[in-house]
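K.L.:
Provided below: entry.tsv, containing TSV, C-alpha atoms.
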chain	number	residue	atom	x	y	z
A	15	MET	CA	87.71	83.40	90.45
A	16	SER	CA	86.00	85.54	93.08
A	17	ARG	CA	85.99	89.35	93.06
A	18	TYR	CA	86.28	91.62	96.09
A	19	PHE	CA	86.03	95.37	96.66
A	20	MET	CA	88.52	96.96	99.03
A	21	HIS	CA	87.83	100.27	100.79
A	22	LEU	CA	90.91	102.24	101.88
A	23	SER	CA	92.49	105.64	102.46
A	24	TYR	CA	96.04	106.95	102.25
A	25	ASN	CA	98.34	109.89	102.81
A	26	GLY	CA	99.84	110.52	99.40
A	27	ALA	CA	103.04	112.28	100.55
A	28	PRO	CA	105.37	109.21	100.56
A	29	PHE	CA	104.10	107.82	97.25
A	30	HIS	CA	104.63	108.54	93.57
A	31	GLY	CA	100.91	108.42	93.00
A	32	TRP	CA	98.43	105.56	93.01
A	33	GLN	CA	99.55	103.69	89.91
A	34	SER	CA	102.36	101.13	89.91
A	35	GLN	CA	105.44	102.32	88.03
A	36	PRO	CA	109.04	101.16	87.60
A	37	ASN	CA	111.56	102.21	90.26
A	38	ALA	CA	109.03	104.16	92.34
A	39	ILE	CA	106.89	103.42	95.38
A	40	SER	CA	103.17	103.71	94.68
A	41	VAL	CA	100.04	103.02	96.70
A	42	GLN	CA	98.95	100.29	94.27
A	43	SER	CA	102.26	98.41	94.34
A	44	THR	CA	102.48	98.64	98.14
A	45	ILE	CA	99.06	97.05	98.56
A	46	GLU	CA	99.70	94.45	95.85
A	47	ASP	CA	102.92	93.36	97.55
A	48	ALA	CA	101.15	92.98	100.90
A	49	LEU	CA	98.18	91.17	99.34
A	50	SER	CA	100.47	88.81	97.42
A	51	THR	CA	102.36	87.97	100.62
A	52	ILE	CA	99.19	87.07	102.51
A	53	MET	CA	97.39	85.30	99.65
A	54	ARG	CA	100.57	83.48	98.56
A	55	GLU	CA	99.92	84.18	94.90
A	56	PRO	CA	100.62	87.17	92.63
A	57	MET	CA	97.86	89.73	93.17
A	58	LYS	CA	96.79	92.78	91.17
A	59	ILE	CA	94.31	95.45	92.21
A	60	VAL	CA	92.33	97.96	90.12
A	61	GLY	CA	91.56	101.33	91.67
A	62	ALA	CA	88.58	103.61	91.13
A	63	GLY	CA	91.00	106.31	90.00
A	64	ARG	CA	94.65	107.22	89.64
A	65	THR	CA	95.72	109.98	91.99
A	66	ASP	CA	98.95	111.83	91.19
A	67	ALA	CA	102.07	112.01	93.34
A	68	GLY	CA	101.38	113.54	96.74
A	69	VAL	CA	97.58	113.49	96.37
A	70	ASN	CA	95.64	111.91	99.23
A	71	ALA	CA	92.57	109.69	99.37
A	72	HIS	CA	90.00	109.87	102.14
A	73	SER	CA	88.00	107.13	100.41
A	74	MET	CA	89.39	104.97	97.60
A	75	VAL	CA	87.88	101.75	96.27
A	76	ALA	CA	89.80	99.01	94.49
A	77	HIS	CA	88.92	95.51	93.33
A	78	PHE	CA	90.89	92.30	93.05
A	79	ASP	CA	90.29	88.70	91.97
A	80	THR	CA	91.45	85.56	93.70
A	81	SER	CA	91.13	81.85	93.08
A	82	ILE	CA	91.30	81.28	96.84
A	83	PRO	CA	88.00	81.98	98.64
A	84	ILE	CA	88.48	84.44	101.51
A	85	GLU	CA	86.86	82.91	104.57
A	86	ASN	CA	87.55	85.81	106.93
A	87	THR	CA	87.78	89.24	105.28
A	88	GLU	CA	88.26	90.99	108.63
A	89	ALA	CA	91.38	88.93	109.28
A	90	LEU	CA	92.66	89.83	105.82
A	91	VAL	CA	92.10	93.53	106.57
A	92	ARG	CA	94.10	93.20	109.79
A	93	GLY	CA	96.88	91.37	107.98
A	94	LEU	CA	97.11	93.96	105.24
A	95	ASN	CA	97.18	96.84	107.71
A	96	SER	CA	100.12	95.20	109.47
A	97	LEU	CA	102.10	95.19	106.20
A	98	VAL	CA	101.20	98.34	104.22
A	99	GLY	CA	102.69	100.86	106.64
A	100	LYS	CA	101.32	103.86	108.51
A	101	ASP	CA	100.33	105.91	105.44
A	102	ILE	CA	97.72	103.43	104.12
A	103	ALA	CA	94.63	102.21	105.97
A	104	ILE	CA	92.46	99.33	104.72
A	105	TYR	CA	88.93	99.59	106.14
A	106	SER	CA	86.99	96.73	104.60
A	107	ILE	CA	87.01	93.97	101.99
A	108	LYS	CA	83.66	92.80	100.63
A	109	SER	CA	82.62	90.16	98.12
A	110	VAL	CA	80.95	91.57	94.98
A	111	HIS	CA	79.52	90.09	91.79
A	112	ASP	CA	82.06	88.80	89.29
A	113	ASP	CA	81.75	91.65	86.78
A	114	ALA	CA	81.75	94.52	89.31
A	115	HIS	CA	84.45	97.05	88.42
A	116	ALA	CA	85.90	99.58	90.84
A	117	ARG	CA	86.72	102.08	88.09
A	118	PHE	CA	84.17	101.64	85.32
A	119	ASP	CA	81.14	101.11	87.60
A	120	ALA	CA	81.71	104.27	89.64
A	121	ILE	CA	78.89	106.73	88.94
A	122	SER	CA	80.55	109.74	90.59
A	123	ARG	CA	83.69	110.88	92.36
A	124	THR	CA	84.14	113.76	94.77
A	125	TYR	CA	87.36	115.65	95.46
A	126	HIS	CA	88.17	118.12	98.25
A	127	TYR	CA	90.85	120.81	98.04
A	128	TYR	CA	91.72	122.41	101.39
A	129	ALA	CA	92.94	125.96	102.00
A	130	HIS	CA	93.76	128.04	105.08
A	131	ASP	CA	94.75	131.70	105.24
A	132	LYS	CA	96.60	131.83	108.56
A	133	LYS	CA	99.96	130.18	109.12
A	134	SER	CA	99.57	126.89	110.96
A	135	PRO	CA	102.14	124.26	112.00
A	136	PHE	CA	99.37	121.66	111.89
A	137	LEU	CA	97.81	122.26	108.47
A	138	TYR	CA	100.67	122.97	106.08
A	139	ASN	CA	101.15	119.35	105.01
A	140	LEU	CA	97.47	118.73	104.15
A	141	SER	CA	96.20	122.19	103.23
A	142	TRP	CA	97.31	125.08	101.01
A	143	GLN	CA	98.13	128.39	102.69
A	144	ALA	CA	96.04	130.88	100.73
A	145	PRO	CA	96.26	134.67	100.59
A	146	SER	CA	93.91	136.22	103.14
A	147	THR	CA	92.53	138.51	100.43
A	148	LEU	CA	91.00	135.79	98.24
A	149	ASP	CA	87.43	136.58	97.16
A	150	TYR	CA	85.63	133.27	97.75
A	151	ALA	CA	82.25	134.67	96.69
A	152	LYS	CA	83.70	135.57	93.32
A	153	MET	CA	85.36	132.18	93.00
A	154	ASN	CA	82.02	130.51	93.69
A	155	GLU	CA	80.39	132.61	91.02
A	156	ALA	CA	83.00	131.33	88.56
A	157	ALA	CA	82.62	127.75	89.86
A	158	LYS	CA	78.96	127.76	88.80
A	159	ILE	CA	80.15	127.89	85.19
A	160	LEU	CA	81.69	124.43	85.66
A	161	LEU	CA	78.18	122.98	86.06
A	162	GLU	CA	77.35	124.23	82.57
A	163	THR	CA	80.59	122.93	81.02
A	164	ASP	CA	81.04	119.67	79.11
A	165	ASP	CA	84.53	119.92	77.63
A	166	PHE	CA	87.31	120.32	80.22
A	167	THR	CA	90.26	120.34	77.81
A	168	SER	CA	91.50	123.62	79.31
A	169	PHE	CA	92.04	121.82	82.63
A	170	ALA	CA	93.46	118.55	81.28
A	171	LYS	CA	97.11	117.58	81.57
A	172	LEU	CA	98.95	118.26	78.31
A	173	HIS	CA	99.74	115.26	76.10
A	174	ALA	CA	97.58	112.92	78.19
A	175	ASP	CA	96.09	110.06	76.16
A	176	ASN	CA	92.46	110.78	77.08
A	177	LYS	CA	89.90	109.33	74.70
A	178	THR	CA	87.61	112.23	75.60
A	179	ASN	CA	87.79	115.36	77.75
A	180	ILE	CA	84.05	115.38	78.36
A	181	CYS	CA	83.02	115.35	82.04
A	182	ARG	CA	79.75	116.12	83.83
A	183	VAL	CA	80.28	118.21	86.96
A	184	THR	CA	77.29	118.15	89.31
A	185	TYR	CA	78.68	120.14	92.24
A	186	ALA	CA	81.46	122.73	92.54
A	187	LYS	CA	81.69	125.13	95.47
A	188	TRP	CA	84.06	126.67	98.02
A	189	GLU	CA	82.68	125.92	101.49
A	190	GLN	CA	83.82	127.72	104.63
A	191	LEU	CA	84.94	125.42	107.45
A	192	SER	CA	85.95	128.12	109.97
A	193	ASP	CA	87.11	131.73	110.03
A	194	ASP	CA	90.33	130.87	108.24
A	195	ARG	CA	89.69	127.49	106.61
A	196	TRP	CA	87.97	126.65	103.32
A	197	VAL	CA	87.46	123.59	101.16
A	198	PHE	CA	86.64	123.39	97.47
A	199	VAL	CA	84.25	120.48	96.87
A	200	ILE	CA	83.75	119.16	93.34
A	201	THR	CA	81.76	116.13	92.17
A	202	ALA	CA	81.67	114.69	88.64
A	203	ASP	CA	81.06	111.45	86.82
A	204	ARG	CA	84.76	111.39	85.87
A	205	PHE	CA	87.87	113.54	86.17
A	206	LEU	CA	90.78	114.11	83.84
A	207	ARG	CA	94.36	113.85	85.05
A	208	ASN	CA	95.35	117.04	86.91
A	209	MET	CA	91.86	118.50	86.30
A	210	VAL	CA	90.94	119.45	89.87
A	211	ARG	CA	94.26	121.15	90.62
A	212	ALA	CA	94.04	123.10	87.36
A	213	VAL	CA	90.45	124.15	88.09
A	214	VAL	CA	91.40	125.30	91.59
A	215	GLY	CA	94.44	127.17	90.27
A	216	THR	CA	92.30	129.05	87.77
A	217	LEU	CA	89.60	129.83	90.36
A	218	VAL	CA	92.34	131.24	92.61
A	219	GLU	CA	93.27	133.62	89.79
A	220	VAL	CA	89.64	134.79	89.86
A	221	GLY	CA	89.79	135.16	93.64
A	222	ARG	CA	92.95	137.23	93.37
A	223	GLY	CA	91.29	139.53	90.87
A	224	LYS	CA	93.71	138.62	88.09
A	225	ILE	CA	90.98	137.31	85.78
A	226	SER	CA	87.29	138.13	85.58
A	227	ILE	CA	84.30	135.79	85.55
A	228	GLU	CA	83.95	136.40	81.82
A	229	GLU	CA	87.64	135.61	81.29
A	230	PHE	CA	87.23	132.39	83.27
A	231	LYS	CA	84.44	131.36	80.89
A	232	HIS	CA	86.59	132.33	77.92
A	233	ILE	CA	89.44	130.13	79.21
A	234	ILE	CA	87.07	127.14	79.23
A	235	ASP	CA	85.80	127.95	75.74
A	236	LYS	CA	89.36	128.14	74.34
A	237	LYS	CA	89.96	124.43	75.16
A	238	ASN	CA	93.65	125.15	75.72
A	239	ARG	CA	95.47	124.12	78.89
A	240	CYS	CA	98.02	126.90	78.43
A	241	SER	CA	95.25	129.47	78.90
A	242	ALA	CA	94.24	128.21	82.36
A	243	GLY	CA	95.89	128.87	85.71
A	244	THR	CA	98.79	127.08	87.37
A	245	SER	CA	98.20	123.60	88.73
A	246	MET	CA	97.90	123.73	92.53
A	247	PRO	CA	100.10	121.66	94.91
A	248	GLY	CA	98.90	118.08	95.35
A	249	HIS	CA	99.28	117.82	99.15
A	250	ALA	CA	95.98	119.68	99.78
A	251	LEU	CA	93.92	117.51	97.41
A	252	PHE	CA	91.86	114.52	98.57
A	253	LEU	CA	89.86	111.97	96.64
A	254	TRP	CA	86.98	112.19	99.10
A	255	ASP	CA	84.34	109.76	97.90
A	256	VAL	CA	83.54	107.26	95.15
A	257	SER	CA	79.91	106.32	94.56
A	258	TYR	CA	78.34	103.22	93.05
A	259	SER	CA	74.73	102.29	92.39
A	260	TYR	CA	75.16	98.91	94.13
A	261	TYR	CA	77.98	99.38	96.64
A	262	ARG	CA	78.67	101.75	99.51
A	263	PRO	CA	82.02	101.71	101.34
Let's see the structure in the file written out as structure tokens.

P.N.:
Amino acid sequence: MSRYFMHLSYNGAPFHGWQSQPNAISVQSTIEDALSTIMREPMKIVGAGRTDAGVNAHSMVAHFDTSIPIENTEALVRGLNSLVGKDIAIYSIKSVHDDAHARFDAISRTYHYYAHDKKSPFLYNLSWQAPSTLDYAKMNEAAKILLETDDFTSFAKLHADNKTNICRVTYAKWEQLSDDRWVFVITADRFLRNMVRAVVGTLVEVGRGKISIEEFKHIIDKKNRCSAGTSMPGHALFLWDVSYSYYRP
């Protein structure tokens, strides 16, 4: 068996998340069906993460194994792109060592959450329309606390079967893109299900003046999801980058 890494992106709106599931269209199952058609054998892929319904990926990595050597990976990319539809784009397929793992070997992941504070017919489907009164400086002050946090239970989806809620966040900041556009950038070694949207939702409460910086810290210390803010809509969230020590998409 030979192993390959696949680099791709997708618009999450038409899909019920990344992961294959019964009676629902997912990114994973769409790619597996196309890959199986071309390779003429049942194919499974393993992604670097599992984005929720409606969440996008600017840069996702997945791996697959095949008993049939791929002589022309560029031709395979073209074939897949002709089958997966307009909302998925395959960029490259590269041979990797046999024990390389798209999920477990990733050393960091970066997510972007986009916001705009003026109504726009061009941004609404990929960005969240924020109140114009949000205090981004205050939200960034709160975001610094995430760099000192280990346990993210307060931002984890309830009843998820996580073995641990420990994550190491190395970057968390709202960055201004233009007069009315912002993006929250967060990088960590791993993320819990729904974690980024819960973090953003709680930071927005800080920006609205509904909770203080000290209360934000207290929410983290309580390790209780019910104490944190509302989970933000998924359409404005992007898995932006996945990093490996030996592979670069």

K.L.:
Report as a list in words all protein, DNA and RNA residues lying within 9 Å of Thr201 (chain A), evaluated on all atoms listed in the file, omitting residues in the same chain fewer than 4 positions from it.

P.N.:
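So the residues in contact are Ser122, Arg123, Thr124, Tyr125, Arg182, Val183, Thr184, Tyr185, Ala186, Phe205 and Asp255 of chain A.
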
K.L.:
What does the structure give for the distance between CA of Ile45 (chain A) and CA of Arg211 (chain A), in Å to one decimal?

P.N.:
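Interatomic distance here is 25.8 Å.
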
K.L.:
Just how far from CA of Ala242 (chain A) is CA of Gly215 (chain A), in Å to one decimal?

P.N.:
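Distance between the two atoms: 8.0 Å.
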
K.L.:
Excluding Val98 (chain A) and its own-chain neighbours fewer than 6 positions away, which residues fall within 10 Å of it when counting all atoms listed in the file? Please give them as a PyMOL selection string.

P.N.:
chain A and resi 41+43-49+104

K.L.:
Would you list the contacts of Lys187 (chain A) as a list in words, taking every protein, DNA or RNA residue within 12 Å and counting all atoms listed in the file, but skipping same-chain residues closer than 6 positions in sequence?

P.N.:
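My list of contacting residues is Thr124, Tyr125, His126, Tyr127, Tyr128, Tyr150, Ala151, Lys152, Met153, Asn154, Glu155, Ala156, Ala157, Lys158, Ile159, Leu160, Leu161, Trp196, Val197, Phe198, Val199, Ile200, Thr201, Val213, Val214 and Leu217 of chain A.
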
K.L.:
Kindly give the distance, in Å, that separates CA of Ala76 (chain A) and CA of Leu206 (chain A), rounded to a single decimal.

P.N.:
18.5 Å

K.L.:
Of the residues A:Val91, A:Val69, A:Ala120, A:Ser34, which is the one nearest to Tyr258 (chain A), using only C-alpha atoms?

P.N.:
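With only C-alpha atoms as the atom set, the closest residue is A:Ala120.
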
K.L.:
List every protein, DNA or RNA residue that has an atom no more than 12 Å from (91.1, 81.9, 86.2) in the file's coordinate frame, counting all atoms listed in the file, and report them as a short mmCIF file (atom, residue, chain, number, x, y, z; two decimals) with C-alpha atoms, in the frame of the given file.

P.N.:
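File written: point-v7.cif
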data_model
loop_
_atom_site.label_atom_id
_atom_site.label_comp_id
_atom_site.auth_asym_id
_atom_site.auth_seq_id
_atom_site.Cartn_x
_atom_site.Cartn_y
_atom_site.Cartn_z
CA MET A 15 87.71 83.40 90.45
CA SER A 16 86.00 85.54 93.08
CA ARG A 17 85.99 89.35 93.06
CA ASP A 79 90.29 88.70 91.97
CA THR A 80 91.45 85.56 93.70
CA SER A 81 91.13 81.85 93.08
CA ILE A 82 91.30 81.28 96.84
CA ASP A 112 82.06 88.80 89.29
#

K.L.:
Counting all atoms listed in the file, what is within 10 Å of Tyr261 (chain A), bar same-chain residues fewer than 3 positions away, as an MDAnalysis selection string?

P.N.:
chainID A and resid 19 108 110 114 116 119:120 256:258

K.L.:
Using all atoms listed in the file, which of A:Thr147, A:Gln35, A:Ser226, A:Gln42 sits nearest Gly63 (chain A)?

P.N.:
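Smallest distance to Gly63 (chain A) is found for A:Gln42.
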
K.L.:
Taking into account all atoms listed in the file, which residue in the set A:Ile225, A:Ala103, A:Leu94, A:Cys181 is nearest to Arg207 (chain A)?

P.N.:
A:Cys181

K.L.:
Give me the residues near Phe78 (chain A) as an MDAnalysis selection string, where near means some atom within 8 Å (using all atoms listed in the file) and where sequence neighbours in that chain fewer than 6 positions away do not count.

P.N.:
chainID A and resid 17:20 57:60

K.L.:
So which one's closest to Leu251 (chain A), A:Ala212, A:Ile121, A:Lys133, A:Asp193? Using only C-alpha atoms, please.

P.N.:
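Of A:Ala212, A:Ile121, A:Lys133, A:Asp193, the one nearest Leu251 (chain A) is A:Ala212, counting only C-alpha atoms.
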
K.L.:
Between A:Phe136, A:Ile227, A:Asp203, A:Ala170, which one has atoms that come closest to Thr244 (chain A), using all atoms listed in the file?

P.N.:
A:Ala170

K.L.:
Go through A:Arg262, A:Arg195, A:Arg204, A:Ala89 one by one, measure the shortest atom-to-atom distance of each to Asn176 (chain A) using all atoms listed in the file, and give the residue with the smallest value.

P.N.:
A:Arg204

K.L.:
Draw an axis-aligned box tight on the listed atoms of region 119-133 of chain A, then pad every side by 3 Å and write out centre and edge lengths in Å to one decimal as AutoDock Vina command-line options.

P.N.:
--center_x 89.4 --center_y 116.5 --center_z 98.4 --size_x 27.1 --size_y 36.7 --size_z 27.5
